[in-house]
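Trainee: My structure is in coords_36.cif, and what it holds is mmCIF, C-alpha atoms:
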data_query
loop_
_atom_site.label_atom_id
_atom_site.label_comp_id
_atom_site.auth_asym_id
_atom_site.auth_seq_id
_atom_site.Cartn_x
_atom_site.Cartn_y
_atom_site.Cartn_z
CA MET A 1 -1.88 -18.55 37.89
CA ALA A 2 -4.22 -16.51 40.11
CA GLU A 3 -2.82 -18.05 43.30
CA TRP A 4 0.74 -17.54 42.11
CA THR A 5 0.05 -13.88 41.41
CA THR A 6 -1.35 -13.43 44.92
CA LEU A 7 1.66 -15.20 46.38
CA LEU A 8 4.05 -13.07 44.35
CA VAL A 9 2.44 -9.78 45.40
CA SER A 10 2.15 -10.96 49.01
CA SER A 11 5.81 -11.99 49.09
CA PHE A 12 6.73 -8.54 47.82
CA VAL A 13 4.65 -6.85 50.57
CA VAL A 14 6.02 -9.04 53.37
CA GLY A 15 9.54 -8.72 51.96
CA ALA A 16 9.23 -4.94 51.90
CA ILE A 17 8.05 -4.92 55.53
CA VAL A 18 10.98 -7.14 56.57
CA VAL A 19 13.44 -4.87 54.73
CA LEU A 20 11.87 -1.77 56.37
CA ILE A 21 12.22 -3.33 59.83
CA ALA A 22 15.79 -4.40 59.09
CA VAL A 23 16.72 -0.91 57.87
CA GLN A 24 15.21 0.62 60.99
CA MET A 25 17.13 -1.84 63.18
CA VAL A 26 20.52 -0.98 61.72
CA SER A 27 20.03 2.75 61.19
CA ALA A 28 20.32 5.16 64.06
CA ALA A 29 17.04 6.83 64.86
CA ASP A 30 16.98 10.61 65.19
CA ALA A 31 15.56 11.79 68.48
CA ALA A 32 11.99 13.04 68.48
CA GLN A 33 11.77 16.62 67.28
CA PRO A 34 8.25 18.02 67.42
CA VAL A 35 7.92 21.43 65.77
CA ALA A 36 4.81 23.62 65.72
CA ARG A 37 3.81 25.97 62.90
CA VAL A 38 0.77 28.13 62.23
CA VAL A 39 -1.11 27.08 59.11
CA GLY A 40 -4.10 29.38 59.18
CA VAL A 41 -6.26 31.86 61.06
CA SER A 42 -10.01 32.08 60.67
CA ARG A 43 -12.87 33.86 62.36
CA ALA A 44 -15.60 31.88 64.13
CA GLY A 45 -18.32 34.21 65.41
CA ASP A 46 -16.60 36.82 67.55
CA ARG A 47 -13.54 34.66 68.22
CA PHE A 48 -10.48 33.68 66.20
CA TRP A 49 -9.25 30.17 65.46
CA VAL A 50 -5.54 29.64 64.94
CA ARG A 51 -4.77 26.31 63.26
CA VAL A 52 -1.40 24.87 64.24
CA VAL A 53 0.26 21.78 62.79
CA VAL A 54 2.82 19.95 64.91
CA ASP A 55 5.28 17.86 62.88
CA ASN A 56 7.62 15.36 64.45
CA GLU A 57 10.71 15.86 62.30
CA GLY A 58 12.65 13.16 64.19
CA ASP A 59 12.33 9.38 63.98
CA GLU A 60 11.48 8.55 67.59
CA THR A 61 7.98 8.96 69.00
CA ALA A 62 7.27 11.91 71.27
CA ALA A 63 4.67 11.47 74.02
CA ASN A 64 2.62 14.06 75.87
CA VAL A 65 3.77 16.85 73.53
CA GLN A 66 2.95 20.22 75.09
CA VAL A 67 2.17 23.04 72.67
CA SER A 68 1.58 26.61 73.74
CA ALA A 69 0.39 29.71 71.92
CA THR A 70 0.71 33.25 73.21
CA LEU A 71 -0.89 36.30 71.61
CA SER A 72 0.64 39.61 72.69
CA VAL A 73 -1.20 42.79 71.75
CA VAL A 74 0.21 46.22 72.61
CA GLY A 75 -1.89 47.91 75.25
CA ALA A 76 -3.90 44.78 76.07
CA GLU A 77 -3.53 41.74 78.26
CA SER A 78 -1.83 38.87 76.44
CA GLU A 79 -3.79 35.69 75.75
CA GLU A 80 -2.30 32.23 76.30
CA GLY A 81 -3.39 28.76 75.39
CA GLY A 82 -1.94 25.30 75.88
CA LEU A 83 -2.75 21.95 74.26
CA SER A 84 -1.13 18.52 74.38
CA ILE A 85 -0.77 15.58 72.01
CA ASP A 86 -0.69 12.09 73.57
CA PHE A 87 1.63 10.46 71.03
CA LEU A 88 3.32 11.80 67.93
CA ALA A 89 5.25 9.21 65.96
CA GLY A 90 8.28 10.05 63.84
CA ASP A 91 7.32 11.89 60.63
CA GLU A 92 3.75 12.16 61.92
CA SER A 93 1.77 15.40 62.04
CA GLN A 94 -1.21 16.52 64.02
CA GLU A 95 -3.36 19.63 63.75
CA LEU A 96 -4.46 21.66 66.77
CA VAL A 97 -6.69 24.72 67.06
CA PHE A 98 -6.12 27.57 69.51
CA VAL A 99 -8.96 29.99 70.16
CA PHE A 100 -8.36 33.68 70.90
CA ASP A 101 -10.66 36.62 71.61
CA THR A 102 -8.43 39.06 69.73
CA ASP A 103 -7.55 38.99 66.05
CA PRO A 104 -4.03 37.48 65.94
CA GLU A 105 -3.15 39.83 63.07
CA GLN A 106 -3.41 42.77 65.51
CA GLY A 107 -0.65 41.42 67.72
CA GLU A 108 2.28 39.08 67.86
CA LEU A 109 1.51 35.37 67.90
CA ASP A 110 4.08 32.99 69.36
CA VAL A 111 3.44 29.27 68.92
CA GLY A 112 5.82 26.54 69.99
CA VAL A 113 6.42 23.16 71.60
CA THR A 114 7.30 23.58 75.27
CA GLY A 115 8.11 19.99 76.10
CA PHE A 116 7.44 16.28 75.56
CA GLU A 117 8.13 12.87 77.06
CA ASP A 118 10.32 10.13 75.67
CA PRO A 119 8.00 7.10 75.90
CA MET B 1 -46.35 -17.52 44.66
CA SER B 2 -45.35 -20.73 43.04
CA SER B 3 -41.93 -19.36 42.21
CA ALA B 4 -41.44 -18.25 45.82
CA VAL B 5 -42.29 -21.71 47.08
CA ALA B 6 -40.10 -23.31 44.47
CA SER B 7 -37.13 -21.19 45.44
CA LEU B 8 -37.48 -22.25 49.09
CA LYS B 9 -36.86 -25.87 48.23
CA PRO B 10 -33.56 -27.12 49.59
CA ARG B 11 -30.77 -27.22 47.11
CA PRO B 12 -27.29 -28.59 47.17
CA ALA B 13 -24.88 -26.19 48.88
CA HIS B 14 -23.11 -25.57 45.62
CA ARG B 15 -25.08 -25.72 42.41
CA GLY B 16 -21.91 -25.80 40.43
CA ARG B 17 -21.97 -22.17 39.35
CA ALA B 18 -18.75 -22.15 37.38
CA ARG B 19 -16.19 -19.59 38.45
CA GLY B 20 -12.86 -18.87 36.88
CA PRO B 21 -9.63 -19.15 38.87
CA TRP B 22 -9.34 -15.36 39.19
CA SER B 23 -12.88 -15.11 40.51
CA GLU B 24 -12.23 -17.92 43.01
CA GLU B 25 -9.03 -16.21 44.10
CA LEU B 26 -10.80 -12.88 44.57
CA ILE B 27 -13.47 -14.55 46.70
CA ASP B 28 -10.78 -16.22 48.82
CA LEU B 29 -9.08 -12.86 49.33
CA VAL B 30 -12.35 -11.16 50.26
CA ARG B 31 -12.98 -13.98 52.73
CA ALA B 32 -9.52 -13.40 54.23
CA VAL B 33 -10.18 -9.67 54.68
CA SER B 34 -13.64 -10.40 56.12
CA GLY B 35 -12.26 -12.90 58.63
CA GLY B 36 -9.55 -10.43 59.56
CA LEU B 37 -12.10 -7.68 60.15
CA LEU B 38 -14.23 -9.90 62.38
CA PHE B 39 -11.27 -10.52 64.64
CA GLY B 40 -9.34 -7.30 64.22
CA VAL B 41 -11.92 -4.55 64.29
CA PRO B 42 -12.15 -4.18 68.12
CA LEU B 43 -8.39 -3.63 68.39
CA LEU B 44 -8.46 -1.23 65.45
CA TYR B 45 -10.55 0.97 67.76
CA THR B 46 -8.09 0.72 70.67
CA MET B 47 -5.82 3.72 71.15
CA GLU B 48 -3.40 1.83 73.41
CA VAL B 49 -2.54 -0.42 70.46
CA TRP B 50 -1.95 2.64 68.25
CA TRP B 51 0.38 4.04 70.89
CA VAL B 52 2.27 0.84 71.67
CA GLY B 53 2.80 0.34 67.96
CA SER B 54 3.96 3.89 67.43
CA TYR B 55 6.79 3.77 69.98
CA SER B 56 7.92 0.14 69.68
CA GLU B 57 11.49 -0.26 68.50
CA ALA B 58 12.29 -2.06 65.25
CA GLY B 59 13.66 -5.19 66.97
CA ARG B 60 10.37 -5.72 68.78
CA LEU B 61 8.44 -5.22 65.54
CA GLY B 62 10.58 -7.89 63.89
CA LEU B 63 9.82 -10.23 66.79
CA VAL B 64 6.07 -9.52 66.50
CA LEU B 65 6.20 -10.37 62.79
CA ALA B 66 8.23 -13.53 63.38
CA LEU B 67 6.00 -14.73 66.24
CA LEU B 68 2.87 -14.07 64.19
CA ILE B 69 4.01 -16.61 61.60
CA VAL B 70 3.68 -19.51 64.06
CA PRO B 71 -0.07 -19.28 64.88
CA LEU B 72 -0.90 -18.20 61.35
CA LEU B 73 0.87 -21.20 59.83
CA THR B 74 -0.83 -23.51 62.34
CA LEU B 75 -4.23 -22.00 61.61
CA ASN B 76 -3.68 -22.24 57.87
CA MET B 77 -2.99 -25.95 58.23
CA ALA B 78 -6.19 -26.39 60.26
CA ALA B 79 -8.56 -23.82 58.74
CA GLY B 80 -7.19 -20.91 56.71
CA PHE B 81 -9.11 -18.58 54.46
CA ARG B 82 -9.42 -20.64 51.30
CA SER B 83 -12.47 -22.67 50.43
CA LYS B 84 -10.44 -25.85 50.80
CA ARG B 85 -8.11 -26.68 53.67
CA ASP B 86 -4.42 -26.71 52.87
CA SER B 87 -3.42 -30.35 52.72
CA ARG B 88 0.22 -29.67 51.94
CA VAL B 89 2.65 -27.74 54.15
CA ARG B 90 3.84 -25.88 51.05
CA ASP B 91 0.33 -24.50 50.47
CA ALA B 92 0.00 -23.54 54.13
CA VAL B 93 3.31 -21.66 53.99
CA GLY B 94 2.15 -19.81 50.88
CA ASP B 95 -1.16 -18.92 52.53
CA THR B 96 0.73 -17.73 55.61
CA VAL B 97 2.73 -15.27 53.51
CA GLU B 98 -0.49 -14.14 51.84
CA GLY B 99 -2.27 -13.89 55.20
CA LEU B 100 0.51 -11.69 56.57
CA ALA B 101 0.40 -9.41 53.53
CA ILE B 102 -3.39 -9.17 53.54
CA GLY B 103 -3.45 -8.48 57.28
CA ILE B 104 -0.82 -5.76 57.03
CA VAL B 105 -2.37 -4.04 54.00
CA ALA B 106 -5.94 -4.27 55.29
CA SER B 107 -4.97 -2.98 58.75
CA ALA B 108 -3.21 -0.05 57.13
CA VAL B 109 -6.25 0.71 54.96
CA VAL B 110 -8.64 0.66 57.97
CA LEU B 111 -6.26 2.83 60.01
CA VAL B 112 -6.13 5.35 57.15
CA LEU B 113 -9.93 5.19 56.95
CA LEU B 114 -10.13 5.93 60.68
CA ARG B 115 -7.60 8.74 60.20
CA GLN B 116 -5.08 7.16 62.54
CA ILE B 117 -2.21 7.24 60.06
CA GLU B 118 -0.90 10.71 59.43
CA GLY B 119 2.53 9.91 58.06
CA PRO B 120 4.23 7.64 55.51
CA LEU B 121 3.98 3.87 56.09
CA TRP B 122 7.74 3.49 56.20
CA SER B 123 8.15 5.82 59.17
CA ARG B 124 8.90 4.08 62.48
CA GLY B 125 5.72 4.93 64.33
CA VAL B 126 3.31 4.19 61.49
CA LEU B 127 4.92 0.85 60.63
CA GLY B 128 4.68 -0.23 64.26
CA LYS B 129 1.06 0.84 64.51
CA VAL B 130 0.15 -1.14 61.40
CA LEU B 131 2.08 -4.25 62.50
CA TYR B 132 0.51 -4.37 65.95
CA GLU B 133 -2.95 -3.92 64.47
CA ALA B 134 -2.21 -6.63 61.92
CA VAL B 135 -1.79 -9.28 64.66
CA PRO B 136 -5.49 -9.89 65.42
CA PHE B 137 -6.29 -9.24 61.77
CA CYS B 138 -3.96 -12.04 60.65
CA LEU B 139 -5.36 -14.43 63.26
CA GLY B 140 -8.84 -13.69 61.93
CA ILE B 141 -7.60 -14.50 58.43
CA GLY B 142 -6.30 -17.81 59.75
CA VAL B 143 -9.76 -18.85 60.94
CA ALA B 144 -11.80 -17.15 58.21
CA ARG B 145 -12.96 -20.41 56.65
CA HIS B 146 -14.33 -21.64 59.98
CA PHE B 147 -16.11 -18.39 60.79
CA LEU B 148 -17.48 -17.57 57.38
CA HIS B 149 -19.24 -20.78 56.59
CA GLY B 150 -22.64 -19.20 57.03
CA ASP B 151 -25.45 -21.18 55.48
CA ARG B 152 -28.80 -19.48 55.76
CA SER B 153 -30.21 -21.71 53.08
CA GLY B 154 -33.45 -22.28 54.89
CA THR B 155 -32.93 -25.87 55.93
CA ASP B 156 -35.60 -25.24 58.56
CA ASP B 157 -38.36 -24.96 55.99
CA ASP B 158 -39.99 -28.12 57.24
CA ASP B 159 -41.77 -26.29 60.02
CA GLY B 160 -45.14 -26.50 58.37
CA ASP B 161 -45.73 -22.72 58.02
CA GLY B 162 -46.84 -21.25 54.76
CA ALA B 163 -44.33 -19.73 52.37
CA ASN B 164 -45.24 -16.18 53.35
CA GLY B 165 -44.74 -17.01 57.01
CA ARG B 166 -41.30 -18.43 56.29
CA VAL B 167 -40.35 -15.37 54.28
CA VAL B 168 -41.33 -13.05 57.12
CA ASN B 169 -39.69 -15.32 59.70
CA ALA B 170 -36.48 -15.41 57.68
CA THR B 171 -36.50 -11.64 57.42
CA VAL B 172 -37.17 -11.18 61.15
CA ALA B 173 -34.47 -13.75 61.96
CA ASP B 174 -31.96 -11.92 59.77
CA LEU B 175 -32.74 -8.52 61.24
CA GLY B 176 -32.60 -9.95 64.75
CA ALA B 177 -29.33 -11.72 64.08
CA SER B 178 -27.94 -8.55 62.57
CA ALA B 179 -28.89 -6.58 65.69
CA VAL B 180 -27.46 -9.20 68.07
CA GLY B 181 -24.24 -9.47 66.06
CA ALA B 182 -23.91 -5.68 66.00
CA VAL B 183 -24.39 -5.52 69.78
CA PHE B 184 -21.87 -8.35 70.25
CA VAL B 185 -19.07 -6.45 68.50
CA ALA B 186 -20.01 -2.81 69.18
CA LEU B 187 -20.78 -3.24 72.88
CA SER B 188 -17.12 -3.37 73.83
CA ILE B 189 -16.26 -0.35 71.69
CA ALA B 190 -19.20 1.99 72.44
CA PRO B 191 -18.09 3.05 75.96
CA THR B 192 -14.49 3.81 74.95
CA ASP B 193 -12.94 7.21 74.22
CA GLU B 194 -11.85 6.06 70.79
CA VAL B 195 -15.27 6.62 69.21
CA PRO B 196 -15.47 10.38 69.98
CA MET B 197 -11.74 10.68 69.34
CA ILE B 198 -12.02 9.21 65.85
CA ALA B 199 -15.30 11.01 65.17
CA SER B 200 -13.77 14.38 66.03
CA SER B 201 -11.37 14.10 63.11
CA PHE B 202 -14.08 13.30 60.56
CA GLY B 203 -15.48 15.67 57.98
CA PRO B 204 -18.43 14.92 55.67
CA GLY B 205 -16.16 13.39 53.02
CA TRP B 206 -14.60 10.89 55.41
CA LEU B 207 -18.01 10.08 56.84
CA MET B 208 -19.28 9.23 53.36
CA LEU B 209 -16.21 7.09 52.81
CA LEU B 210 -16.80 5.25 56.10
CA VAL B 211 -20.46 4.65 55.24
CA ALA B 212 -19.44 3.25 51.85
CA ALA B 213 -16.74 1.07 53.43
CA SER B 214 -19.20 -0.26 56.04
CA LEU B 215 -21.68 -1.22 53.33
CA VAL B 216 -19.01 -2.87 51.18
CA VAL B 217 -17.62 -4.82 54.15
CA SER B 218 -21.10 -5.94 55.21
CA TYR B 219 -21.92 -7.07 51.67
CA ALA B 220 -18.56 -8.80 51.26
CA ILE B 221 -18.82 -10.78 54.50
CA VAL B 222 -22.30 -12.13 53.80
CA PHE B 223 -22.53 -12.39 50.04
CA VAL B 224 -18.94 -12.96 48.95
CA ALA B 225 -16.93 -14.44 51.81
CA GLY B 226 -19.56 -16.82 53.22
CA PHE B 227 -19.15 -19.61 50.73
CA VAL B 228 -21.55 -22.31 51.86
CA GLY B 229 -25.07 -21.80 50.61
CA GLN B 230 -24.06 -18.64 48.80
CA ASP B 231 -26.32 -19.40 45.87
CA GLN B 232 -29.33 -19.89 48.12
CA ARG B 233 -28.58 -16.62 49.84
CA LEU B 234 -28.53 -14.76 46.57
CA ASP B 235 -31.89 -16.33 45.68
CA ASN B 236 -33.58 -15.86 49.06
CA PRO B 237 -37.17 -14.62 48.73
CA GLY B 238 -37.33 -12.61 51.99
CA ILE B 239 -38.71 -9.09 52.02
CA VAL B 240 -35.29 -7.53 52.50
CA GLN B 241 -33.19 -10.51 51.51
CA ARG B 242 -32.00 -9.36 48.15
CA PRO B 243 -28.26 -8.72 48.53
CA LEU B 244 -28.40 -4.96 48.07
CA SER B 245 -31.57 -4.32 50.09
CA GLU B 246 -30.50 -6.69 52.87
CA THR B 247 -27.11 -4.99 53.11
CA ILE B 248 -28.67 -1.55 53.35
CA VAL B 249 -31.42 -2.53 55.81
CA CYS B 250 -28.99 -4.40 58.04
CA TYR B 251 -26.62 -1.42 57.96
CA VAL B 252 -29.48 0.74 59.18
CA VAL B 253 -30.04 -1.81 61.98
CA ALA B 254 -26.32 -1.59 62.82
CA LEU B 255 -26.53 2.20 62.95
CA PHE B 256 -29.61 1.99 65.19
CA VAL B 257 -27.75 -0.39 67.53
CA SER B 258 -24.75 1.97 67.52
CA ALA B 259 -26.93 4.96 68.38
CA VAL B 260 -28.66 3.11 71.23
CA LEU B 261 -25.36 1.81 72.67
CA LEU B 262 -23.81 5.27 72.53
CA TRP B 263 -26.86 6.69 74.29
CA LEU B 264 -26.77 3.95 76.95
CA PHE B 265 -23.13 4.71 77.67
CA GLN B 266 -23.93 8.43 77.80
CA ARG B 267 -21.98 9.20 74.65
CA GLY B 268 -25.06 10.14 72.66
CA GLY B 269 -27.13 13.30 72.72
CA PRO B 270 -26.73 16.93 71.69
CA PRO B 271 -25.01 18.28 69.73
CA TRP B 272 -26.79 16.01 67.29
CA GLY B 273 -24.15 16.39 64.56
CA ASP B 274 -21.51 14.87 66.85
CA TYR B 275 -23.89 12.11 67.90
CA PHE B 276 -24.54 11.31 64.24
CA THR B 277 -20.81 11.20 63.45
CA ARG B 278 -20.12 8.92 66.42
CA THR B 279 -22.93 6.63 65.31
CA ILE B 280 -21.38 6.31 61.85
CA VAL B 281 -17.94 5.66 63.36
CA LEU B 282 -19.31 2.91 65.61
CA GLY B 283 -21.39 1.72 62.66
CA LEU B 284 -18.38 0.06 60.99
CA PRO B 285 -17.71 -2.51 63.75
CA ALA B 286 -21.46 -2.85 64.26
CA ALA B 287 -21.93 -3.63 60.56
CA VAL B 288 -19.13 -6.22 60.74
CA GLY B 289 -20.80 -7.82 63.77
CA GLY B 290 -24.20 -7.65 62.11
CA ALA B 291 -22.91 -9.42 59.03
CA ALA B 292 -21.33 -12.14 61.16
CA GLY B 293 -24.58 -12.47 63.07
CA ARG B 294 -26.54 -13.05 59.87
CA LEU B 295 -24.12 -15.79 58.86
CA ALA B 296 -24.76 -17.48 62.18
CA VAL B 297 -28.52 -17.72 61.57
#
Would it be possible to restate this file's structure as structure tokens?
Mentor:
Amino acid sequence: MAEWTTLLVSSFVVGAIVVLIAVQMVSAADAAQPVARVVGVSRAGDRFWVRVVVDNEGDETAANVQVSATLSVVGAESEEGGLSIDFLAGDESQELVFVFDTDPEQGELDVGVTGFEDP
Amino acid sequence: MSSAVASLKPRPAHRGRARGPWSEELIDLVRAVSGGLLFGVPLLYTMEVWWVGSYSEAGRLGLVLALLIVPLLTLNMAAGFRSKRDSRVRDAVGDTVEGLAIGIVASAVVLVLLRQIEGPLWSRGVLGKVLYEAVPFCLGIGVARHFLHGDRSGTDDDDGDGANGRVVNATVADLGASAVGAVFVALSIAPTDEVPMIASSFGPGWLMLLVAASLVVSYAIVFVAGFVGQDQRLDNPGIVQRPLSETIVCYVVALFVSAVLLWLFQRGGPPWGDYFTRTIVLGLPAAVGGAAGRLAV
């Protein structure tokens, strides 16, 4: 009985994996579509941390995803930062942190994906 | 004193402690996971495998799964993870299906624990990552019975020393074996970028979870999965050879080994918080190696 239960559950797991692979084989995969969004700003000492989440809304994996953040403040020099993500699979998310000297709420913050590779 | 001496007397490997079928099955499954960890843990700490898995197309994943069946079926006919070898092909086929499922689920759980799965399992990249990591895991399941036959039942107690001497020697041997086993597995992981990479994503909660998982895995490998001489092990009179105390002390040894290896490869040092986190992260494979080392004594 115990062995049969294990076999039954295991068959279900392996069967589900086979079905998932089969579905992925026959369905067209959407191209990678990494999108960046700001999820929070916090103060750390005299600097400001901007937390950014990058979601890959496509199915394909994106490699070497380049993310940039620019903070423009009227009357001051703009601040820029750039980070990269090695691999971002479809439906996967990753959090990044940009660090600025100026409070982002005093200016205009522009965050976005500037490019990626198709592995 | 007399009871200590009495408990050192050799006993049959199995004293016939009766176990129900569910208990036997659970032990077999724990042995499968333990064998899988012994083989699979180095690749679970390899970022190239995460990446290859995440961008492999579905056809290749299907091929990986299909090809994996061949060695796993062969291994199940020769060794497997159950306490008795499969004598019938039908049993070996059943164990192969179970081995695949256990390997896939356990790989996914460890990847989640290491924070390397950030999306749903059914997404293309995550499924590939899990399947590629499941390959060495499944092979480890296929040879689990051969690897986890540890018998530290003290068959060398004819050396003429007193009982106290044997107790201390057994303890020293276990701690030494734990350290050597930890070095054996953690040495190839310590210099890699994966340790700081994984550690950087860990908060206190995840660290606690990883510590708990390391202790459970270490306990499971030695006191549940190793089926020969299990009763003797549970009765061992050594200073730290009670299951719980031995598991904790040997985990501390594994952490010490991890810290030293990280320092040797110039990945240890201030800031101390980061060094501590890296030590815990490397502590999981070190604990797995340490447990295997103790079974070898």
Trainee: So which one's closest to Glu117 in chain A, A:Asn64, A:Ser78, A:Gln94, A:Ser84? Using only C-alpha atoms, please.
Mentor: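 Smallest distance to Glu117 in chain A is found for A:Asn64.
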Trainee: Using the chain letters and residue numbers of this document, give as a tab-separated table (two decimals) with C-alpha atoms, keeping the file's coordinate frame the residues selected by the PyMOL selection byres ((chain A) within 12 of (chain B)).
Mentor:
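Just written: expr.tsv:
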chain	number	residue	atom	x	y	z
A	1	MET	CA	-1.88	-18.55	37.89
A	2	ALA	CA	-4.22	-16.51	40.11
A	3	GLU	CA	-2.82	-18.05	43.30
A	4	TRP	CA	0.74	-17.54	42.11
A	5	THR	CA	0.05	-13.88	41.41
A	6	THR	CA	-1.35	-13.43	44.92
A	7	LEU	CA	1.66	-15.20	46.38
A	8	LEU	CA	4.05	-13.07	44.35
A	9	VAL	CA	2.44	-9.78	45.40
A	10	SER	CA	2.15	-10.96	49.01
A	11	SER	CA	5.81	-11.99	49.09
A	12	PHE	CA	6.73	-8.54	47.82
A	13	VAL	CA	4.65	-6.85	50.57
A	14	VAL	CA	6.02	-9.04	53.37
A	15	GLY	CA	9.54	-8.72	51.96
A	16	ALA	CA	9.23	-4.94	51.90
A	17	ILE	CA	8.05	-4.92	55.53
A	18	VAL	CA	10.98	-7.14	56.57
A	19	VAL	CA	13.44	-4.87	54.73
A	20	LEU	CA	11.87	-1.77	56.37
A	21	ILE	CA	12.22	-3.33	59.83
A	22	ALA	CA	15.79	-4.40	59.09
A	23	VAL	CA	16.72	-0.91	57.87
A	24	GLN	CA	15.21	0.62	60.99
A	25	MET	CA	17.13	-1.84	63.18
A	26	VAL	CA	20.52	-0.98	61.72
A	27	SER	CA	20.03	2.75	61.19
A	28	ALA	CA	20.32	5.16	64.06
A	29	ALA	CA	17.04	6.83	64.86
A	30	ASP	CA	16.98	10.61	65.19
A	31	ALA	CA	15.56	11.79	68.48
A	32	ALA	CA	11.99	13.04	68.48
A	53	VAL	CA	0.26	21.78	62.79
A	54	VAL	CA	2.82	19.95	64.91
A	55	ASP	CA	5.28	17.86	62.88
A	56	ASN	CA	7.62	15.36	64.45
A	57	GLU	CA	10.71	15.86	62.30
A	58	GLY	CA	12.65	13.16	64.19
A	59	ASP	CA	12.33	9.38	63.98
A	60	GLU	CA	11.48	8.55	67.59
A	61	THR	CA	7.98	8.96	69.00
A	62	ALA	CA	7.27	11.91	71.27
A	63	ALA	CA	4.67	11.47	74.02
A	64	ASN	CA	2.62	14.06	75.87
A	85	ILE	CA	-0.77	15.58	72.01
A	86	ASP	CA	-0.69	12.09	73.57
A	87	PHE	CA	1.63	10.46	71.03
A	88	LEU	CA	3.32	11.80	67.93
A	89	ALA	CA	5.25	9.21	65.96
A	90	GLY	CA	8.28	10.05	63.84
A	91	ASP	CA	7.32	11.89	60.63
A	92	GLU	CA	3.75	12.16	61.92
A	93	SER	CA	1.77	15.40	62.04
A	94	GLN	CA	-1.21	16.52	64.02
A	95	GLU	CA	-3.36	19.63	63.75
A	96	LEU	CA	-4.46	21.66	66.77
A	117	GLU	CA	8.13	12.87	77.06
A	118	ASP	CA	10.32	10.13	75.67
A	119	PRO	CA	8.00	7.10	75.90
Trainee: Take the PyMOL selection byres ((chain B and resi 188-198) around 8), apply it to the structure above, and return the hits as an mmCIF file with C-alpha atoms, in the coordinates of the input.
Mentor:
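Wrote out_7.cif, looks like this:
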data_model
loop_
_atom_site.group_PDB
_atom_site.id
_atom_site.type_symbol
_atom_site.label_atom_id
_atom_site.label_comp_id
_atom_site.auth_asym_id
_atom_site.auth_seq_id
_atom_site.Cartn_x
_atom_site.Cartn_y
_atom_site.Cartn_z
ATOM 1 C CA PRO B 42 -12.150 -4.180 68.120
ATOM 2 C CA TYR B 45 -10.550 0.970 67.760
ATOM 3 C CA THR B 46 -8.090 0.720 70.670
ATOM 4 C CA MET B 47 -5.820 3.720 71.150
ATOM 5 C CA LEU B 114 -10.130 5.930 60.680
ATOM 6 C CA ARG B 115 -7.600 8.740 60.200
ATOM 7 C CA GLN B 116 -5.080 7.160 62.540
ATOM 8 C CA PHE B 184 -21.870 -8.350 70.250
ATOM 9 C CA VAL B 185 -19.070 -6.450 68.500
ATOM 10 C CA ALA B 186 -20.010 -2.810 69.180
ATOM 11 C CA LEU B 187 -20.780 -3.240 72.880
ATOM 12 C CA ALA B 199 -15.300 11.010 65.170
ATOM 13 C CA SER B 200 -13.770 14.380 66.030
ATOM 14 C CA SER B 201 -11.370 14.100 63.110
ATOM 15 C CA PHE B 202 -14.080 13.300 60.560
ATOM 16 C CA SER B 258 -24.750 1.970 67.520
ATOM 17 C CA LEU B 261 -25.360 1.810 72.670
ATOM 18 C CA LEU B 262 -23.810 5.270 72.530
ATOM 19 C CA PHE B 265 -23.130 4.710 77.670
ATOM 20 C CA ARG B 267 -21.980 9.200 74.650
ATOM 21 C CA ARG B 278 -20.120 8.920 66.420
ATOM 22 C CA VAL B 281 -17.940 5.660 63.360
ATOM 23 C CA LEU B 282 -19.310 2.910 65.610
#
Trainee: Can you measure CA of Gln106 in chain A to CA of Ser72 in chain A for me? One decimal in Å is fine.
Mentor: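 So the two atoms, CA of Gln106 in chain A and CA of Ser72 in chain A, lie 8.8 Å apart.
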Trainee: As a list of chain:residue names, please: the residues near range 80-83 of chain B (cut-off 7 Å, all atoms listed in the file, same-chain neighbours under 5 positions excluded).
Mentor: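 Residues near the query, excluding close chain neighbours: B:Asp28, B:Arg31, B:Ala32, B:Leu75, B:Ile141, B:Gly142, B:Val143, B:Ala144, B:Arg145.
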